[in-house]
$ cat entry-v7.txt   # compact mmCIF, C-alpha atoms
# COMPACT_ATOMS: atom_id res chain seq x y z
CA MET E 23 -12.82 2.45 -11.73
CA THR E 24 -11.41 5.19 -9.56
CA THR E 25 -11.75 8.55 -11.16
CA PRO E 26 -8.52 9.80 -12.69
CA SER E 27 -9.83 13.35 -12.38
CA ARG E 28 -9.28 13.07 -8.62
CA VAL E 29 -5.58 12.80 -9.17
CA ALA E 30 -3.73 16.06 -8.95
CA SER E 31 -0.38 16.62 -10.63
CA PRO E 32 1.38 13.40 -9.90
CA PRO E 33 4.68 12.97 -8.15
CA SER E 34 7.33 11.29 -10.22
CA ASN E 35 6.77 7.61 -10.32
CA GLY E 36 9.30 6.38 -12.79
CA ALA E 37 8.53 5.17 -16.26
CA GLY E 38 5.25 3.63 -15.16
CA GLY E 39 3.45 6.94 -15.32
CA PRO E 40 1.71 9.02 -12.69
CA ALA E 41 1.20 7.68 -9.20
CA GLN E 42 -2.51 7.73 -8.58
CA LEU E 43 -3.73 8.92 -5.26
CA ALA E 44 -5.45 5.66 -4.37
CA ASP E 45 -2.24 3.72 -5.03
CA LEU E 46 -0.28 6.18 -2.94
CA LEU E 47 -2.68 6.14 -0.01
CA GLU E 48 -2.85 2.38 0.01
CA ARG E 49 0.89 2.05 0.14
CA VAL E 50 1.91 4.93 2.35
CA LEU E 51 -0.90 4.55 4.90
CA ASP E 52 -1.46 0.84 4.92
CA LYS E 53 1.85 -0.83 4.01
CA GLY E 54 5.42 -0.29 5.03
CA VAL E 55 7.08 -1.09 8.31
CA VAL E 56 4.95 -0.21 11.28
CA ILE E 57 6.90 1.34 14.07
CA ALA E 58 4.12 1.43 16.63
CA GLY E 59 0.65 2.54 17.27
CA ASP E 60 -2.58 2.16 15.47
CA ILE E 61 -5.32 4.61 14.81
CA ARG E 62 -8.29 4.50 12.57
CA ILE E 63 -9.01 7.19 10.10
CA ASN E 64 -11.91 8.03 7.91
CA LEU E 65 -11.18 9.03 4.36
CA LEU E 66 -14.57 9.27 2.76
CA ASP E 67 -13.42 11.99 0.41
CA ILE E 68 -10.45 10.19 -0.98
CA GLU E 69 -11.77 6.93 -2.23
CA LEU E 70 -10.46 4.57 0.38
CA LEU E 71 -13.29 4.38 2.83
CA THR E 72 -11.42 3.62 5.94
CA ILE E 73 -7.83 2.84 6.49
CA ARG E 74 -5.69 2.21 9.47
CA ILE E 75 -2.62 4.24 10.03
CA ARG E 76 -0.11 3.96 12.76
CA LEU E 77 1.71 6.65 14.59
CA LEU E 78 4.56 6.85 16.95
CA VAL E 79 5.44 9.72 19.16
CA ALA E 80 8.89 9.10 20.61
CA SER E 81 8.15 5.57 21.73
CA ALA E 82 5.18 3.52 22.70
CA ASP E 83 6.04 3.84 26.39
CA LYS E 84 6.50 7.55 26.12
CA ALA E 85 3.21 7.87 24.31
CA ARG E 86 1.43 5.90 27.00
CA GLU E 87 2.88 8.26 29.56
CA MET E 88 1.38 11.01 27.51
CA GLY E 89 -1.95 9.28 27.69
CA ILE E 90 -2.04 8.08 24.10
CA ASP E 91 -3.22 4.53 23.91
CA TRP E 92 -4.79 4.27 20.52
CA TRP E 93 -2.92 1.14 19.57
CA ASP E 94 -4.49 -1.75 21.26
CA GLY E 95 -5.64 -4.67 19.16
CA ASP E 96 -7.84 -3.30 16.47
CA PRO E 97 -10.62 -5.63 15.39
CA PHE E 98 -11.42 -3.36 12.50
CA LEU E 99 -10.14 -5.53 9.73
CA SER E 100 -11.90 -8.66 10.86
CA ARG E 101 -15.11 -6.75 11.41
CA ASN E 102 -15.32 -5.03 8.07
CA GLY E 103 -13.48 -7.56 5.96
CA ASN E 104 -14.95 -8.74 2.72
CA GLY E 105 -15.25 -12.46 3.41
CA ALA E 106 -15.15 -13.79 -0.14
CA LEU E 107 -12.24 -11.63 -1.11
CA GLU E 108 -10.29 -12.44 2.04
CA GLU E 109 -10.74 -16.10 1.19
CA ARG E 110 -9.46 -15.53 -2.34
CA VAL E 111 -6.46 -13.66 -1.03
CA ARG E 112 -5.68 -16.51 1.35
CA LYS E 113 -6.04 -19.01 -1.46
CA LEU E 114 -3.65 -17.05 -3.65
CA GLU E 115 -1.17 -16.78 -0.85
CA ARG E 116 -1.26 -20.53 -0.28
CA ARG E 117 -0.79 -21.10 -3.98
CA LEU E 118 2.20 -18.80 -3.99
CA GLU E 119 3.74 -20.41 -0.94
CA ALA E 120 3.34 -23.85 -2.47
CA ARG E 121 5.24 -22.99 -5.60
CA VAL X 4 9.17 23.05 17.94
CA SER X 5 9.86 20.17 15.63
CA ALA X 6 10.15 16.41 15.73
CA LEU X 7 11.90 13.86 13.56
CA TYR X 8 9.91 12.08 10.93
CA VAL X 9 11.39 8.84 9.65
CA TYR X 10 10.56 7.94 6.06
CA GLY X 11 12.50 4.77 5.66
CA VAL X 12 15.65 2.83 6.39
CA VAL X 13 18.61 2.32 4.04
CA PRO X 14 22.05 0.73 4.36
CA ALA X 15 24.47 2.93 6.34
CA ALA X 16 26.77 3.05 3.31
CA ALA X 17 24.05 4.47 1.08
CA THR X 18 23.94 8.01 -0.21
CA ILE X 19 20.78 9.87 -1.02
CA ASP X 20 19.88 12.87 -3.09
CA ALA X 21 16.80 14.39 -1.48
CA PRO X 22 16.88 18.02 -0.42
CA THR X 23 14.76 17.99 2.73
CA VAL X 24 16.06 14.91 4.49
CA GLU X 25 19.26 13.50 5.92
CA LEU X 26 20.63 10.17 7.02
CA LEU X 27 21.00 9.23 10.65
CA ARG X 28 23.38 6.28 10.85
CA GLU X 29 23.49 3.59 13.50
CA ASP X 30 24.66 0.00 13.45
CA GLY X 31 24.97 -0.55 9.71
CA LEU X 32 21.60 1.10 9.08
CA ALA X 33 20.60 4.64 8.31
CA ALA X 34 17.25 6.28 8.92
CA VAL X 35 16.03 8.76 6.32
CA VAL X 36 14.82 11.59 8.56
CA GLY X 37 13.32 15.01 8.10
CA ARG X 38 12.08 17.62 10.55
CA VAL X 39 8.34 18.12 10.91
CA PRO X 40 6.57 20.71 13.05
CA LEU X 41 4.94 19.40 16.20
CA ASP X 42 1.98 21.66 15.62
CA GLU X 43 1.17 19.27 12.76
CA PHE X 44 2.37 15.94 14.09
CA GLY X 45 2.10 16.39 17.85
CA ALA X 46 -0.07 13.95 19.76
CA ASP X 47 -2.58 16.65 20.64
CA VAL X 48 -3.21 17.77 17.06
CA ILE X 49 -2.56 14.72 14.92
CA ASP X 50 -6.09 13.37 15.22
CA ALA X 51 -7.58 16.52 13.79
CA ARG X 52 -4.96 16.69 11.05
CA LEU X 53 -5.64 13.14 9.99
CA ARG X 54 -9.27 14.00 9.40
CA ASP X 55 -8.27 16.75 7.02
CA PRO X 56 -8.04 15.08 3.58
CA ALA X 57 -6.08 17.95 2.04
CA TRP X 58 -3.45 17.83 4.78
CA LEU X 59 -3.26 14.08 4.63
CA GLU X 60 -2.92 13.98 0.86
CA ALA X 61 -0.13 16.55 0.90
CA ARG X 62 1.72 14.66 3.63
CA VAL X 63 1.27 11.30 1.96
CA ARG X 64 2.63 12.71 -1.29
CA ALA X 65 5.57 14.26 0.56
CA HIS X 66 6.27 10.91 2.24
CA HIS X 67 6.26 9.13 -1.06
CA ASP X 68 8.29 11.79 -2.89
CA VAL X 69 11.10 11.45 -0.38
CA LEU X 70 11.16 7.66 -0.69
CA ASP X 71 10.94 7.92 -4.46
CA SER X 72 14.07 10.11 -4.49
CA VAL X 73 15.83 7.74 -2.13
CA LEU X 74 14.93 4.81 -4.38
CA GLN X 75 16.86 6.42 -7.24
CA ARG X 76 20.10 5.82 -5.34
CA THR X 77 19.59 2.79 -3.13
CA HIS X 78 17.19 0.12 -2.01
CA VAL X 79 15.06 1.16 0.93
CA VAL X 80 12.75 -0.21 3.60
CA PRO X 81 9.79 2.17 3.61
CA LEU X 82 8.17 2.98 6.93
CA ARG X 83 4.46 3.44 7.17
CA PHE X 84 3.20 7.01 7.34
CA GLY X 85 3.59 8.79 10.62
CA ALA X 86 6.71 7.49 12.38
CA VAL X 87 7.52 10.57 14.44
CA PHE X 88 10.27 10.72 17.05
CA GLU X 89 11.17 13.33 19.63
CA THR X 90 14.93 13.14 19.40
CA GLU X 91 17.76 11.66 17.37
CA GLU X 92 18.45 9.28 20.21
CA HIS X 93 14.94 7.85 19.87
CA VAL X 94 15.57 7.26 16.17
CA ARG X 95 18.88 5.55 16.90
CA ARG X 96 17.25 3.37 19.49
CA MET X 97 14.63 2.34 16.97
CA LEU X 98 17.39 1.38 14.52
CA ARG X 99 19.16 -0.66 17.22
CA GLU X 100 16.10 -2.34 18.64
CA ARG X 101 14.01 -3.18 15.60
CA ASN X 102 15.75 -6.45 14.79
CA GLU X 103 13.73 -7.11 11.67
CA LEU X 104 15.11 -4.07 9.85
CA PRO X 105 18.40 -5.60 8.62
CA ASP X 106 16.51 -8.65 7.34
CA ALA X 107 13.91 -6.49 5.63
CA LEU X 108 16.66 -4.46 3.98
CA GLU X 109 18.35 -7.64 2.82
CA ARG X 110 15.12 -9.00 1.35
CA VAL X 111 14.62 -5.93 -0.83
CA ARG X 112 18.28 -5.48 -1.78
CA GLY X 113 18.54 -4.18 -5.32
CA CYS X 114 14.78 -4.43 -5.79
CA VAL X 115 11.84 -2.22 -6.56
CA GLU X 116 8.12 -2.89 -6.31
CA LEU X 117 5.87 -2.98 -9.34
CA GLY X 118 2.11 -2.82 -8.97
CA VAL X 119 -0.29 -4.68 -11.23
CA LYS X 120 -4.02 -4.16 -11.31
CA ALA X 121 -6.48 -5.89 -13.60
CA PHE X 122 -9.81 -4.43 -14.64
CA PRO X 123 -12.68 -6.12 -16.48
CA ARG X 124 -12.87 -5.17 -20.11
CA ALA X 125 -16.21 -3.73 -21.15
CA GLU X 126 -18.57 -6.50 -22.14
CA PRO X 127 -20.82 -6.24 -25.20
CA GLN X 128 -24.33 -5.48 -24.01
CA GLU X 129 -26.89 -8.04 -25.11
CA THR X 130 -30.24 -6.54 -25.91
CA THR X 131 -33.03 -8.65 -24.55
CA PRO X 132 -36.65 -8.12 -25.54
CA ALA X 133 -38.78 -6.53 -22.85
CA PRO X 134 -40.48 -9.22 -20.76
CA THR X 135 -44.09 -9.81 -21.63
CA SER X 136 -45.21 -11.20 -18.30
CA GLY X 137 -44.32 -11.18 -14.63
CA ALA X 138 -42.97 -14.71 -14.86
CA ALA X 139 -40.81 -13.81 -17.86
CA TYR X 140 -39.52 -10.80 -15.98
CA LEU X 141 -38.51 -12.91 -12.99
CA ARG X 142 -36.86 -15.51 -15.23
CA ALA X 143 -34.89 -12.76 -16.97
CA LYS X 144 -33.82 -11.31 -13.63
CA GLN X 145 -32.72 -14.72 -12.44
CA ARG X 146 -30.73 -15.32 -15.61
CA GLU X 147 -29.08 -11.91 -15.25
CA ARG X 148 -27.97 -12.71 -11.73
CA ALA X 149 -26.62 -16.11 -12.75
CA ASP X 150 -24.75 -14.56 -15.67
CA ALA X 151 -23.23 -11.89 -13.45
CA ALA X 152 -22.10 -14.49 -10.90
CA ARG X 153 -20.59 -16.67 -13.61
CA ARG X 154 -18.81 -13.70 -15.16
CA HIS X 155 -17.48 -12.69 -11.76
CA ASP X 156 -16.09 -16.19 -11.20
CA GLU X 157 -14.46 -16.17 -14.63
CA LEU X 158 -12.89 -12.78 -14.00
CA CYS X 159 -11.54 -13.92 -10.64
CA ALA X 160 -10.07 -17.05 -12.20
CA ALA X 161 -8.43 -14.96 -14.94
CA ALA X 162 -7.06 -12.58 -12.29
CA ASP X 163 -5.68 -15.46 -10.22
CA ASP X 164 -3.99 -16.79 -13.32
CA ILE X 165 -2.38 -13.43 -14.08
CA TYR X 166 -1.15 -13.21 -10.50
CA ALA X 167 0.35 -16.69 -10.58
CA ARG X 168 2.11 -16.07 -13.89
CA LEU X 169 3.57 -12.71 -12.87
CA ALA X 170 4.62 -14.06 -9.47
CA GLU X 171 6.89 -16.45 -11.35
CA GLN X 172 8.66 -13.43 -12.84
CA ALA X 173 9.26 -11.83 -9.44
CA ARG X 174 11.27 -12.44 -6.31
CA ASP X 175 8.11 -12.15 -4.22
CA ALA X 176 4.46 -11.20 -4.73
CA ARG X 177 1.47 -9.98 -2.73
CA VAL X 178 -2.21 -9.45 -3.33
CA SER X 179 -4.25 -6.74 -1.65
CA ARG X 180 -7.89 -5.87 -1.56
CA PRO X 181 -8.80 -3.48 -4.37
CA ALA X 182 -9.67 -0.04 -3.03
CA PRO X 183 -13.36 0.34 -2.23
CA GLY X 184 -15.10 1.78 -5.25
CA SER X 185 -12.50 0.42 -7.65
CA ASP X 186 -13.67 -2.17 -10.13
CA ALA X 187 -10.27 -3.87 -10.17
CA VAL X 188 -10.46 -7.63 -9.75
CA LEU X 189 -6.75 -7.87 -9.02
CA ASN X 190 -4.60 -5.53 -6.96
CA SER X 191 -1.14 -7.00 -6.66
CA ALA X 192 2.47 -6.08 -6.04
CA TYR X 193 5.72 -7.73 -7.12
CA LEU X 194 9.23 -7.46 -5.77
CA VAL X 195 11.48 -7.24 -8.80
CA PRO X 196 15.25 -6.72 -9.11
CA ARG X 197 15.77 -3.26 -10.56
CA ASP X 198 17.50 -4.72 -13.60
CA ASP X 199 14.52 -6.97 -14.36
CA GLU X 200 11.91 -4.23 -14.48
CA ALA X 201 11.80 -4.14 -18.26
CA SER X 202 11.41 -7.88 -18.63
CA PHE X 203 8.69 -7.92 -15.97
CA ARG X 204 6.80 -5.20 -17.82
CA ALA X 205 7.20 -7.15 -21.04
CA ALA X 206 5.76 -10.24 -19.35
CA ALA X 207 2.81 -8.21 -18.09
CA ALA X 208 2.22 -6.73 -21.53
CA ALA X 209 2.33 -10.21 -23.06
CA LEU X 210 -0.49 -11.56 -20.89
CA LEU X 211 -3.15 -10.47 -23.38
CA SER X 212 -6.11 -11.55 -21.29
CA PRO X 213 -9.32 -11.43 -23.32
CA SER X 214 -11.39 -10.48 -20.28
CA LEU X 215 -9.01 -8.27 -18.28
CA ARG X 216 -7.08 -5.10 -18.92
CA VAL X 217 -3.80 -5.05 -17.04
CA GLU X 218 -2.21 -1.92 -15.63
CA VAL X 219 1.36 -1.75 -14.30
CA THR X 220 2.50 0.97 -11.89
CA GLY X 221 5.86 1.77 -10.39
CA PRO X 222 8.66 1.42 -9.74
CA TRP X 223 7.66 1.92 -6.12
CA PRO X 224 9.68 1.64 -2.96
CA PRO X 225 8.86 -1.90 -1.78
CA TYR X 226 6.01 -0.87 0.53
CA ASN X 227 4.36 -4.28 0.20
CA PHE X 228 7.43 -6.35 1.05
CA VAL X 229 8.75 -5.12 4.34
CA GLU X 230 6.23 -6.24 6.92
CA ALA X 231 7.68 -8.80 9.28
CA ALA X 232 6.50 -12.31 8.45
CA GLY X 233 3.38 -13.45 10.28
$ encode --input "entry-v7.txt" --output "structure tokens"
Amino acid sequence: MTTPSRVASPPSNGAGGPAQLADLLERVLDKGVVIAGDIRINLLDIELLTIRIRLLVASADKAREMGIDWWDGDPFLSRNGNGALEERVRKLERRLEAR
Amino acid sequence: VSALYVYGVVPAAATIDAPTVELLREDGLAAVVGRVPLDEFGADVIDARLRDPAWLEARVRAHHDVLDSVLQRTHVVPLRFGAVFETEEHVRRMLRERNELPDALERVRGCVELGVKAFPRAEPQETTPAPTSGAAYLRAKQRERADAARRHDELCAAADDIYARLAEQARDARVSRPAPGSDAVLNSAYLVPRDDEASFRAAAAALLSPSLRVEVTGPWPPYNFVEAAG
């Protein structure tokens, strides 16, 4: 279990109680609408080992002009994926779709 | 020098009550924007900042706090961390050109996200006599491994069952990988109409799994339900 002691004073998170850092990082860095861009980031200290986050400066074209090209297809997920778990996730998704 | 950081997208008619941000309206949509310094978010420094866990944590919390305030007043499409624009015109263009935004907003209308994780309950430790021979030791080891594998399968089946039952209580549902280092066997999110939050929580509390402890978090902005399909 992630260590609750890592969690500093929590931001408000409704009646459900404190928002734990791991929950926050997962959602804010790895979910949500991606505008553009893709960089990899190492978060050894904060429980999620590696996570992808995406950035946009002005626009993708503009960023390329500026020499930023960090968002080309990132094989990271397929490389480091946990095979068994991925399979379970797919299975669950199929089950959900079928309902 | 500053840039515009976009936290999320709401209906143009929405109002918000968050001190550090404002709405930039375009085409029936409004971007929730705040100013951020380019010496933190500029292309030349962002890499270094992102490797600084303290900076990242503070910024992630700030991102979420804004969306959490926005969620009190309206439904919202959360953007992923780090959408930074040079000018207002760039933000407006994003609102005009990202065709999936109106659909995403429609999908989450009136809804919040609730998170559900399930953790194995502690199992009573069986005390086994110390093995008396090498062969007995190996047999015991083998049995241990088989037991652990069987228990893992049972926990996964129980988790899948919880997910399926809660998904029936929600408008939509997603599973994610548990965070590395977490012993959760289920990390899931549910899109729930705001008015149904209490009944969803009651359903989660009523699961009473003998092998799993269930933890509900939220309400969250619907981070897990705004990615374009596919």
$ atom_distance --input "entry-v7.txt" --atom1 "CA of Glu103 (chain X)" --atom2 "CA of Val63 (chain X)"
24.3 Å
$ closest_atom_pairs --input "entry-v7.txt" --of "chain X" --to "chain E" --cutoff "6 Å" --atoms "all atoms listed in the file" --output "Markdown table"
| residue | atom | partner | partner_atom | distance |
| --- | --- | --- | --- | --- |
| X:Pro81 | CA | E:Gly54 | CA | 5.2 |
| X:Leu82 | CA | E:Val55 | CA | 4.4 |
| X:Arg83 | CA | E:Gly54 | CA | 4.4 |
| X:Phe84 | CA | E:Leu51 | CA | 5.4 |
| X:Gly85 | CA | E:Leu77 | CA | 4.9 |
| X:Ala86 | CA | E:Leu78 | CA | 5.1 |
| X:Val87 | CA | E:Val79 | CA | 5.2 |
| X:Phe88 | CA | E:Ala80 | CA | 4.1 |
| X:Glu89 | CA | E:Ala80 | CA | 4.9 |
| X:Ala182 | CA | E:Leu70 | CA | 5.8 |
| X:Pro183 | CA | E:Leu70 | CA | 5.8 |
| X:Ser185 | CA | E:Met23 | CA | 4.6 |
| X:Asp186 | CA | E:Met23 | CA | 5.0 |
| X:Thr220 | CA | E:Gly38 | CA | 5.0 |
| X:Gly221 | CA | E:Gly38 | CA | 5.2 |
| X:Pro222 | CA | E:Gly36 | CA | 5.9 |
| X:Tyr226 | CA | E:Gly54 | CA | 4.6 |
| X:Asn227 | CA | E:Lys53 | CA | 5.7 |
| X:Val229 | CA | E:Val55 | CA | 5.9 |
| X:Glu230 | CA | E:Val55 | CA | 5.4 |
$ closest_residue --input "entry-v7.txt" --among "X:Glu29, X:Glu218, X:Asp20, X:Asp199" --to "Glu100 (chain X)" --atoms "only C-alpha atoms"
X:Glu29
$ atom_distance --input "entry-v7.txt" --atom1 "CA of Ala205 (chain X)" --atom2 "CA of Pro225 (chain X)"
20.0 Å
$ atom_distance --input "entry-v7.txt" --atom1 "CA of Ile19 (chain X)" --atom2 "CA of Gly113 (chain X)"
14.9 Å
$ residues_near_point --input "entry-v7.txt" --point "(-8.8, -12.3, -18.3)" --cutoff "10 Å" --atoms "only C-alpha atoms" --output "number ranges by chain"
X: 121-124, 157-165, 188, 210-217
